[in-house]
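Colleague: Dropping the structure in here first, questions after.
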Amino acid sequence: MKLHIYKTKEMENKLIVKHYKIPEDLLMDILRILFGNNIKHKIIGIQERRNIILLNVNLDLNSLKNREAKENMEGILTDYSEYMKGLLGDTVLMLDEDDEENEY
Amino acid sequence: MESTCLYCEGHFTAIRSSKKYCSDNCKQMAYFKRNGLVLSGTTEVEPSLNVPVVSVKPAATNDVSVKYDKEKNTVKYGNEELNVKYDKDERSEFEFVPLADAEEEETEIAESNNIREIQKETQKVEPIKSSLKVGQKQEEENGPRYKWINSKLIGLIEKQYEQNSGGIKIKDPFEYWEYEDAKRIVWVNTRFRCLAEGLIKLSNYSRIDQHTLLCVTDAFKRLVTSTSFNKLPNDYPFRELIIELFLGLNKMLAEKGHLKMLAFKLTKERKAHLICIRHQLMHHTTEIKFSEIDFIEDKTHEGKVQQLISGKNETEKKSDWRYRYEALKKQGLLKSQQQNKAA
């Protein structure tokens with residue numbers, strides 16, 4: 001018998017879209033995480049001069065795998081930001097939902 | 001006593017008169033069949049699992065034949081024909097009406113009762129939300145564990161940190177080296193930090209122009225040929241790296257200097273090394289922009305006096321990039337490249 005899964009309102013709220021700026025140095029690592037965990041994503045822009053891509057990632061926070069993938073990606077981006085402090089200019093790698101990118 | 005198995009209908013020699021199945025396997029399979037269960041990959045009893053027929057007859061036996069008739073749903077017990085109560089809703093329940101059955105059936109019924117109780121418990125209807133939560137927990141517990149992915153670049157940086165930590169040499173050069181040496185080291189470190197930052201930034205760009213490459217190479221040349229650099233103590237940690245970078249840039253300029261725009265890339269190892277050093281220098285060296293820094297060493301006291309007398313601020317003048325560009329032109333560096341280009 002097929003089990004029907006009903007999503008409650010609380011669960012729907014946990015489906016989020018995160019925006020990330022991925023520098024060329026980390027692109028392969030981030031793509032490995034996304035493909036390895038079947039996470040929906042979309043490249044919505046590139047910054048040609050700086051070799052950075054803007055990525056929209058659809059995450060289901062109800063899923064443990066998705067949560068861990070999110071932590072993994074953000075961990076890598078945070079470490080990179082720490083090491084490159086002052087070198088990336090005003091570039092913030094993890095954008096909030098309200099942030100807009102006008103450069104692309 | 002010869003008897004027929006109720007499951008596989010094979011003949012067997014029974015020790016007890018009430019024995020209905022030729023083997024434990026048949027007994028279990030019959031139980032599964034009654035409950036509508038089939039083992040994966042098996043539809044019939046595997047012949048290999050059948051217990052071999054015992055040919056030795058016991059001395060004293062109560063010979064009574066037992067036969068199950070599927071069509072009539074009766075069991076022939078000796079000369080008597082017994083009805084079998086079969087409850088469709090509760091499939092596991094067989095009752096032989098007059099016969100007080102032996103241990104086999106008792107244990108079988110007891111087993112089936114236990115299983116039914118467990119099934120009933122598990123089949124209790126639960127609210128959807130709670131069942132989903134349980135399902136989710138099970139998925140989290142049973143699913144394959146998440147494989148953490150580490151960035152190669154960050155791994156290399158951390159490795160460099162472990163291997164090549166400048167430690168007190170960079171943290172506080174005045175404590176580690178003598179005053180004069182420490183003064184030179186601070187001078188070189190400030191400039192090297194600036195250049196390392198420049199190289200890391202340039203490697204992040206998709207393309208850089210020829211002029212930028214020329215300026216960076218020139219700055220490296222000035223640093224390497226400076227008196228302070230040449231008088232650095234032997235255990236200064238970055239001396240080889242600075243020379244390597246200078247040679248690499250020179251080579252690149254010679255090979256690709258004729259191109260107006262070129263891709264400037266560092267290997268992952270080199271980049272990790274530079275990022276690591278720059279990160280260490282960041283906390284202990286002052287930050288000066290490339291456009292503001294000069295590579296001319298402090299003049300001696302006499303030189304400073306002469307400068308005051310002449311009234312010219314040469315240091316300011318020489319730090320200007322236009323001045324440097326003109327100087328390179330005069331040296332014929334740019335001219336030769338233009339000629340190359342034309343050729």
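Please note that chains go A, B, ... in the order of the structure tokens, that every chain numbers its residues from 1, and that ligands are numbered from 1 in the order shown.
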Residues of chain A near chain B: apply a cut-off of 8 Å, count only C-alpha atoms, and supply the list as a list in words.
Modeller: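 So the residues of chain A near chain B are Ile5, Tyr6, Thr8, Glu24, Asp25, Leu26, Asp29, Arg32, Ile33, Glu48, Arg49, Arg50, Asn51, Ser63, Leu64, Lys65, Glu68, Ala69, Asn72, Ile76, Asp79, Tyr80, Tyr83, Met84, Leu87 and Leu88 of chain A.
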Colleague: Could you pull the residues within 12 Å of His284 (chain B), counting only C-alpha atoms, minus those fewer than 6 positions along the same chain, as a ChimeraX atom specification?
Modeller: /B:166-174,185-186,189-190,193,277-278
Colleague: Quick one: residues within 10 Å of Glu180 (chain B), only C-alpha atoms counted, chain neighbours fewer than 3 positions away excluded, as number ranges by chain?
Modeller: B: 174, 177, 183-185, 228, 231-232
Colleague: Could you take the residues named above and write them with C-alpha atoms, as a short mmCIF file (atom, residue, chain, number, x, y, z; two decimals), in the first residue's frame?
Modeller:
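The resulting file, result-v5.cif, is shown below:
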```cif
data_model
loop_
_atom_site.label_atom_id
_atom_site.label_comp_id
_atom_site.auth_asym_id
_atom_site.auth_seq_id
_atom_site.Cartn_x
_atom_site.Cartn_y
_atom_site.Cartn_z
CA PHE B 174 61.43 41.91 17.71
CA TRP B 177 65.41 38.38 16.10
CA LYS B 183 63.34 45.92 11.46
CA ARG B 184 64.21 44.53 8.04
CA ILE B 185 61.80 41.65 8.48
CA SER B 228 66.76 44.75 3.41
CA LYS B 231 70.31 41.18 4.53
CA LEU B 232 67.50 39.06 5.90
#
```
Colleague: Mind pulling up the distance from CA of Leu241 (chain B) to CA of Gly257 (chain B)?
Modeller: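 CA of Leu241 (chain B) lies at a distance of 22.4 Å from CA of Gly257 (chain B).
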